[in-house]
>>> print(open('protein-v7.txt').read())   # compact mmCIF, C-alpha atoms
# COMPACT_ATOMS: atom_id res chain seq x y z
CA MET A 62 33.91 0.12 -15.78
CA THR A 63 34.31 1.67 -12.40
CA THR A 64 31.02 0.32 -11.04
CA THR A 65 31.82 -1.85 -8.06
CA MET A 66 30.12 -5.20 -7.83
CA PRO A 67 27.46 -5.25 -5.11
CA ASN A 68 28.14 -7.48 -2.09
CA CYS A 69 25.82 -10.09 -0.57
CA LYS A 70 24.25 -7.69 1.91
CA GLN A 71 23.49 -5.12 -0.78
CA VAL A 72 22.07 -7.72 -3.14
CA SER A 73 19.78 -9.35 -0.60
CA ARG A 74 18.65 -5.94 0.65
CA ALA A 75 17.84 -4.84 -2.90
CA VAL A 76 15.92 -8.05 -3.60
CA ALA A 77 13.79 -7.79 -0.46
CA ALA A 78 13.09 -4.07 -0.99
CA ASP A 79 11.99 -4.41 -4.64
CA ALA A 80 14.81 -2.00 -5.45
CA PHE A 81 15.25 -3.86 -8.71
CA GLU A 82 12.43 -1.92 -10.36
CA THR A 83 13.93 1.49 -9.78
CA ALA A 84 17.57 0.51 -10.37
CA ASN A 85 19.28 1.40 -13.65
CA TRP A 86 20.24 -1.35 -16.09
CA ARG A 87 23.86 -1.42 -14.94
CA ARG A 88 22.79 -2.06 -11.36
CA ARG A 89 20.22 -4.64 -12.41
CA LEU A 90 22.85 -6.47 -14.43
CA ALA A 91 25.27 -6.43 -11.50
CA ILE A 92 22.61 -7.87 -9.18
CA ARG A 93 21.72 -10.57 -11.70
CA LEU A 94 25.37 -11.53 -12.12
CA HIS A 95 25.83 -11.73 -8.37
CA LEU A 96 22.78 -13.99 -8.07
CA LEU A 97 24.19 -16.25 -10.78
CA MET A 98 27.43 -16.66 -8.87
CA CYS A 99 26.23 -16.74 -5.27
CA GLY A 100 24.16 -19.67 -4.05
CA HIS A 101 23.34 -18.09 -0.69
CA CYS A 102 21.90 -14.94 -2.24
CA ARG A 103 20.07 -17.04 -4.82
CA ARG A 104 18.44 -19.07 -2.06
CA PHE A 105 17.55 -15.90 -0.19
CA SER A 106 16.07 -14.33 -3.31
CA ARG A 107 14.00 -17.42 -4.16
CA GLN A 108 12.66 -17.63 -0.63
CA ILE A 109 11.66 -13.96 -0.73
CA ARG A 110 9.83 -14.52 -4.00
CA ALA A 111 8.15 -17.66 -2.67
CA LEU A 112 6.76 -15.69 0.29
CA GLY A 113 4.58 -13.81 -2.16
CA VAL A 114 3.44 -16.97 -3.91
CA ALA A 115 2.52 -18.59 -0.61
CA ALA A 116 0.77 -15.48 0.71
CA ARG A 117 -1.42 -15.30 -2.41
CA ARG A 118 -2.60 -18.86 -1.89
CA PRO A 119 -5.85 -19.03 0.09
CA SER A 120 -5.11 -20.59 3.46
CA GLY A 121 -8.23 -22.73 3.39
CA GLU A 122 -9.55 -21.55 6.72
CA GLU A 123 -11.55 -18.76 5.12
CA PRO A 124 -14.90 -20.00 3.80
CA THR A 125 -16.28 -18.42 0.66
CA ASP A 126 -17.39 -15.02 1.76
CA THR A 127 -20.06 -14.48 -0.87
CA ASP A 128 -22.64 -14.06 1.91
CA ALA A 129 -20.56 -11.36 3.54
CA LEU A 130 -20.02 -9.64 0.20
CA GLY A 131 -23.74 -9.67 -0.57
CA ARG A 132 -24.58 -8.28 2.84
CA LEU A 133 -21.95 -5.57 2.57
CA ARG A 134 -23.03 -4.63 -0.93
CA GLU A 135 -26.60 -4.25 0.26
CA SER A 136 -25.69 -2.09 3.23
CA ILE A 137 -23.39 0.11 1.13
CA LEU A 138 -25.59 0.57 -1.93
CA GLY A 139 -29.00 0.23 -0.23
CA PRO A 140 -29.09 3.74 1.24
CA LEU A 141 -28.08 5.14 -2.15
CA GLN A 142 -31.09 3.50 -3.73
CA ASP A 143 -33.37 4.95 -1.05
CA SER A 144 -32.07 8.47 -1.40
CA SER A 145 -32.40 8.44 -5.18
CA ASP A 146 -35.99 7.22 -4.80
CA ASP A 147 -36.67 10.12 -2.48
CA GLY A 148 -35.56 12.71 -4.84
CA MET B 44 -15.05 -4.46 -16.19
CA PRO B 45 -11.56 -2.93 -16.23
CA GLN B 46 -12.41 -1.04 -19.43
CA LEU B 47 -15.48 0.47 -17.80
CA LEU B 48 -13.37 1.47 -14.82
CA ASP B 49 -10.90 3.18 -17.13
CA ASP B 50 -13.70 5.14 -18.80
CA PRO B 51 -12.63 8.80 -18.90
CA ASP B 52 -16.16 9.85 -17.94
CA LEU B 53 -16.13 7.67 -14.86
CA ALA B 54 -14.59 10.35 -12.64
CA SER B 55 -17.28 12.87 -13.49
CA ARG B 56 -20.00 10.26 -13.01
CA ILE B 57 -18.54 9.39 -9.61
CA ARG B 58 -18.42 13.08 -8.72
CA ALA B 59 -22.08 13.40 -9.69
CA ARG B 60 -22.79 10.35 -7.48
CA ASP B 61 -24.30 8.51 -10.42
CA SER B 62 -25.63 5.41 -8.65
CA GLU B 63 -24.74 3.14 -11.57
CA ALA B 64 -21.12 4.33 -11.55
CA LEU B 65 -20.87 3.96 -7.77
CA ALA B 66 -22.30 0.44 -7.95
CA LEU B 67 -19.77 -0.41 -10.65
CA VAL B 68 -16.92 0.69 -8.40
CA VAL B 69 -18.33 -1.09 -5.34
CA ASP B 70 -18.74 -4.33 -7.29
CA ALA B 71 -15.23 -4.07 -8.69
CA TYR B 72 -13.43 -3.44 -5.39
CA LEU B 73 -15.60 -4.74 -2.54
CA GLY B 74 -13.93 -8.17 -2.52
CA GLN B 75 -10.43 -6.72 -2.84
CA ILE B 76 -10.93 -4.28 0.02
CA LEU B 77 -12.38 -6.96 2.29
CA ARG B 78 -9.49 -9.29 1.48
CA ALA B 79 -6.94 -6.54 2.06
CA ALA B 80 -8.52 -5.69 5.42
CA ARG B 81 -8.33 -9.36 6.44
CA GLY B 82 -4.78 -9.62 5.13
CA ALA B 83 -3.85 -6.56 7.14
CA GLY B 84 -4.66 -8.54 10.28
CA LEU B 85 -8.25 -7.63 11.17
CA ASP B 86 -10.65 -10.35 12.27
CA VAL B 87 -13.72 -11.12 10.14
CA HIS B 88 -15.98 -8.76 12.05
CA GLN B 89 -13.53 -5.83 12.12
CA ALA B 90 -12.66 -6.34 8.45
CA GLU B 91 -16.33 -6.14 7.43
CA GLU B 92 -16.84 -3.04 9.51
CA VAL B 93 -13.76 -1.32 8.07
CA THR B 94 -14.82 -2.33 4.54
CA GLN B 95 -18.26 -0.88 5.05
CA ASN B 96 -16.82 2.35 6.47
CA THR B 97 -14.39 2.58 3.57
CA PHE B 98 -17.15 2.49 0.98
CA ALA B 99 -19.43 4.74 3.04
CA THR B 100 -16.64 7.34 3.00
CA PHE B 101 -16.03 6.71 -0.69
CA ILE B 102 -19.67 7.53 -1.48
CA GLU B 103 -19.72 10.44 0.93
CA THR B 104 -16.59 12.01 -0.56
CA ALA B 105 -17.37 11.06 -4.18
CA PRO B 106 -18.03 14.71 -5.16
CA ARG B 107 -14.39 15.43 -4.30
CA PHE B 108 -12.94 12.69 -6.53
CA GLU B 109 -10.96 14.51 -9.20
CA GLY B 110 -9.86 11.49 -11.12
CA ARG B 111 -6.19 12.46 -10.98
CA SER B 112 -5.35 9.04 -9.62
CA HIS B 113 -7.11 5.76 -10.41
CA VAL B 114 -10.29 5.15 -8.45
CA ARG B 115 -8.65 2.04 -6.98
CA THR B 116 -5.84 4.17 -5.51
CA TRP B 117 -8.45 6.52 -4.05
CA ILE B 118 -10.39 3.68 -2.39
CA PHE B 119 -7.30 1.94 -1.03
CA GLY B 120 -6.21 5.32 0.37
CA ILE B 121 -9.54 5.52 2.23
CA LEU B 122 -9.05 1.94 3.47
CA TYR B 123 -5.63 2.88 4.81
CA ARG B 124 -7.08 5.80 6.78
CA LYS B 125 -9.83 3.56 8.17
CA LEU B 126 -7.22 1.02 9.23
CA GLN B 127 -5.32 3.81 10.99
CA GLU B 128 -8.49 4.69 12.88
CA ALA B 129 -9.16 1.05 13.75
CA ARG B 130 -5.61 0.25 14.88
CA ARG B 131 -2.97 2.67 16.00
CA GLY B 132 -0.11 0.60 14.67
CA PHE B 133 -0.99 1.58 11.14
CA ALA B 134 -0.10 5.18 11.86
CA ARG B 135 3.61 4.86 11.41
CA ASP B 136 6.47 2.50 10.87
CA ARG B 137 9.23 2.54 13.44
CA ARG B 138 12.40 4.35 12.48
CA MET B 139 14.48 1.66 14.14
CA ASP B 140 13.43 -1.92 13.87
CA ASP B 141 15.03 -4.94 15.52
CA ILE B 142 14.69 -6.94 12.29
CA ASP B 143 17.40 -4.67 10.83
CA GLU B 144 19.83 -5.94 13.47
CA VAL B 145 18.86 -9.53 12.82
CA PHE B 146 19.59 -8.99 9.14
CA GLU B 147 22.93 -7.27 9.84
CA SER B 148 23.98 -10.08 12.17
CA ARG B 149 23.91 -12.55 9.29
CA PHE B 150 26.83 -10.86 7.51
CA ASP B 151 30.52 -10.39 8.27
CA GLU B 152 32.43 -7.11 8.07
CA LYS B 153 32.89 -7.64 4.34
CA SER B 154 29.11 -7.94 3.95
CA SER B 155 29.26 -11.60 2.96
CA TRP B 156 26.97 -14.16 4.54
CA THR B 157 28.18 -15.64 7.84
CA ARG B 158 24.83 -17.26 8.60
CA PRO B 159 23.47 -17.97 5.12
CA PRO B 160 19.75 -18.54 4.63
CA ARG B 161 18.60 -22.04 5.42
CA GLY B 162 15.46 -23.90 4.57
CA PRO B 163 13.72 -25.07 1.44
CA GLU B 164 13.82 -23.41 -1.92
CA GLU B 165 10.98 -21.75 -3.68
CA GLU B 166 8.74 -24.53 -4.94
CA PHE B 167 8.57 -26.43 -1.71
CA LEU B 168 8.24 -23.24 0.26
CA ALA B 169 5.40 -21.93 -1.88
CA LYS B 170 3.46 -25.16 -1.49
CA GLN B 171 3.92 -25.69 2.20
CA THR B 172 3.73 -22.45 3.97
CA SER B 173 0.57 -20.51 3.24
CA VAL B 174 -0.85 -21.41 6.65
CA GLU B 175 2.48 -20.87 8.39
CA ILE B 176 2.79 -17.50 6.70
CA ASP B 177 -0.49 -16.38 8.25
CA GLY B 178 0.96 -17.15 11.66
CA CYS B 179 4.22 -15.35 10.92
CA LEU B 180 2.36 -12.35 9.45
CA ASP B 181 0.92 -11.67 12.90
CA ALA B 182 4.44 -10.78 14.07
CA VAL B 183 4.86 -8.16 11.35
CA PRO B 184 4.04 -4.57 12.42
CA ASP B 185 0.77 -3.24 10.97
CA LYS B 186 2.04 -0.83 8.35
CA GLN B 187 4.74 -3.18 7.03
CA ARG B 188 2.15 -5.91 6.86
CA LEU B 189 -0.23 -3.73 4.87
CA ALA B 190 2.59 -2.81 2.47
CA PHE B 191 3.35 -6.52 2.00
CA VAL B 192 -0.33 -7.37 1.44
CA LEU B 193 -0.84 -4.57 -1.10
CA ARG B 194 2.28 -5.63 -2.96
CA GLU B 195 2.03 -9.41 -2.86
CA ILE B 196 -1.65 -10.23 -2.46
CA GLN B 197 -3.24 -7.27 -4.23
CA GLY B 198 -0.37 -7.12 -6.73
CA LEU B 199 -0.29 -3.31 -6.83
CA SER B 200 2.71 -1.47 -8.28
CA THR B 201 5.17 0.14 -5.89
CA GLY B 202 4.22 3.55 -7.30
CA GLU B 203 0.55 3.04 -6.49
CA ILE B 204 1.32 1.75 -2.97
CA CYS B 205 3.45 4.86 -2.31
CA LYS B 206 0.42 7.02 -3.15
CA ILE B 207 -1.92 4.95 -0.97
CA LEU B 208 0.34 4.89 2.08
CA GLU B 209 1.71 8.39 1.40
CA VAL B 210 5.34 7.30 1.67
CA SER B 211 8.40 7.71 -0.56
CA ALA B 212 9.70 4.86 -2.71
CA THR B 213 12.65 4.53 -0.33
CA ASN B 214 10.35 4.23 2.69
CA LEU B 215 8.23 1.63 0.97
CA GLY B 216 11.40 -0.31 0.11
CA VAL B 217 12.40 -0.33 3.78
CA MET B 218 8.93 -1.51 4.83
CA LEU B 219 8.86 -4.33 2.30
CA PHE B 220 12.41 -5.33 3.20
CA ARG B 221 11.50 -5.50 6.90
CA ALA B 222 8.21 -7.34 6.36
CA ARG B 223 9.78 -9.97 4.10
CA ASN B 224 12.83 -10.41 6.31
CA ARG B 225 10.71 -10.84 9.38
CA LEU B 226 8.58 -13.43 7.57
CA ARG B 227 11.62 -15.25 6.23
CA GLU B 228 13.32 -15.32 9.63
CA CYS B 229 10.12 -16.53 11.27
CA LEU B 230 9.74 -19.36 8.76
CA GLU B 231 13.42 -20.28 9.02
CA ASN B 232 13.05 -20.62 12.80
CA ARG B 233 10.09 -22.93 12.30
CA TRP B 234 12.01 -25.10 9.83
CA ALA B 235 14.88 -25.32 12.31
CA GLN B 236 12.47 -26.57 14.95
CA GLY B 237 11.41 -29.11 12.38
>>> encode(input="protein-v7.txt", output="structure tokens")
Amino acid sequence: MTTTMPNCKQVSRAVAADAFETANWRRRLAIRLHLLMCGHCRRFSRQIRALGVAARRPSGEEPTDTDALGRLRESILGPLQDSSDDG
Amino acid sequence: MPQLLDDPDLASRIRARDSEALALVVDAYLGQILRAARGAGLDVHQAEEVTQNTFATFIETAPRFEGRSHVRTWIFGILYRKLQEARRGFARDRRMDDIDEVFESRFDEKSSWTRPPRGPEEEFLAKQTSVEIDGCLDAVPDKQRLAFVLREIQGLSTGEICKILEVSATNLGVMLFRARNRLRECLENRWAQG
């Protein structure tokens, strides 16, 4: 086992860059182990994950945009209808 | 709906500009494209304009759609080019970025934390900060922001985002790392101010 354990900087960089997905199992295991042992990196990792959760939540300031969608749909597909009627 | 969109004949119907097939695609992705354009930082008016242009180009270039990638990838690729036209910042990500220095400054020479992350943990953070995140997102450069939005809000795979933004997996990793770090630092500063 010559694989060196990743340090805090490498682990937090990997977490924030989604490098987990492309890493091999040995690397993934090493990162997981580091996260188990290191509270700072664990906090960092959880905060990074929570950013996504929070960003997915509607902020509340945007009203339902069904009107806009209907309007857009009409202006996009309307001309298509016309041209197919023509020929 | 997803099954219809995965129909192997769909590509040829799109190429033939079959109005039913085009309507199917518009209905499936109109909302997503509008949301992505808003998430990328455009105001309501700009986002609607870019969305409309995206689909106009989709219909115009439909005969060239070969179906080698998913139709969603194709449309998001068009959106990306429209965003580039609308705002120059989408054109490229900076090679050097000051957020990299901020990140480095939090570690000692052994790469251990000297200024460890502060602030709440995930549950509290996820509940409290959706509005704050919008504010902090404005500080994220355009292309990084779009990468973050495609990944986190649209939930696309990293492979698909690489195709849309025409970047390597390594480049995308750097963009996501910078976007998330900038957001995290921004939120941490706000928590510190209390």
>>> interface_residues(input="protein-v7.txt", of="chain A", to="chain B", cutoff="8 Å", atoms="all atoms listed in the file", output="number ranges by chain")
A: 68-71, 74, 77-80, 101, 104-105, 107-120, 129-130, 133-134, 136-138, 141-142
>>> write_last_selection(input="protein-v7.txt", atoms="C-alpha atoms", output="tab-separated table (two decimals), in the coordinates of the input")
chain	number	residue	atom	x	y	z
A	68	ASN	CA	28.14	-7.48	-2.09
A	69	CYS	CA	25.82	-10.09	-0.57
A	70	LYS	CA	24.25	-7.69	1.91
A	71	GLN	CA	23.49	-5.12	-0.78
A	74	ARG	CA	18.65	-5.94	0.65
A	77	ALA	CA	13.79	-7.79	-0.46
A	78	ALA	CA	13.09	-4.07	-0.99
A	79	ASP	CA	11.99	-4.41	-4.64
A	80	ALA	CA	14.81	-2.00	-5.45
A	101	HIS	CA	23.34	-18.09	-0.69
A	104	ARG	CA	18.44	-19.07	-2.06
A	105	PHE	CA	17.55	-15.90	-0.19
A	107	ARG	CA	14.00	-17.42	-4.16
A	108	GLN	CA	12.66	-17.63	-0.63
A	109	ILE	CA	11.66	-13.96	-0.73
A	110	ARG	CA	9.83	-14.52	-4.00
A	111	ALA	CA	8.15	-17.66	-2.67
A	112	LEU	CA	6.76	-15.69	0.29
A	113	GLY	CA	4.58	-13.81	-2.16
A	114	VAL	CA	3.44	-16.97	-3.91
A	115	ALA	CA	2.52	-18.59	-0.61
A	116	ALA	CA	0.77	-15.48	0.71
A	117	ARG	CA	-1.42	-15.30	-2.41
A	118	ARG	CA	-2.60	-18.86	-1.89
A	119	PRO	CA	-5.85	-19.03	0.09
A	120	SER	CA	-5.11	-20.59	3.46
A	129	ALA	CA	-20.56	-11.36	3.54
A	130	LEU	CA	-20.02	-9.64	0.20
A	133	LEU	CA	-21.95	-5.57	2.57
A	134	ARG	CA	-23.03	-4.63	-0.93
A	136	SER	CA	-25.69	-2.09	3.23
A	137	ILE	CA	-23.39	0.11	1.13
A	138	LEU	CA	-25.59	0.57	-1.93
A	141	LEU	CA	-28.08	5.14	-2.15
A	142	GLN	CA	-31.09	3.50	-3.73
>>> atom_distance(input="protein-v7.txt", atom1="atom CA of Ala59 of chain B", atom2="atom CA of Ala105 of chain B")
7.6 Å
>>> residues_near_point(input="protein-v7.txt", point="(-13.8, 4.5, -5.2)", cutoff="12 Å", atoms="all atoms listed in the file", output="VMD selection string")
chain B and resid 48 53 to 54 56 to 58 60 64 to 73 75 to 76 94 97 to 110 112 to 122
>>> atom_distance(input="protein-v7.txt", atom1="atom CA of Arg89 of chain A", atom2="atom CA of Ser211 of chain B")
20.8 Å
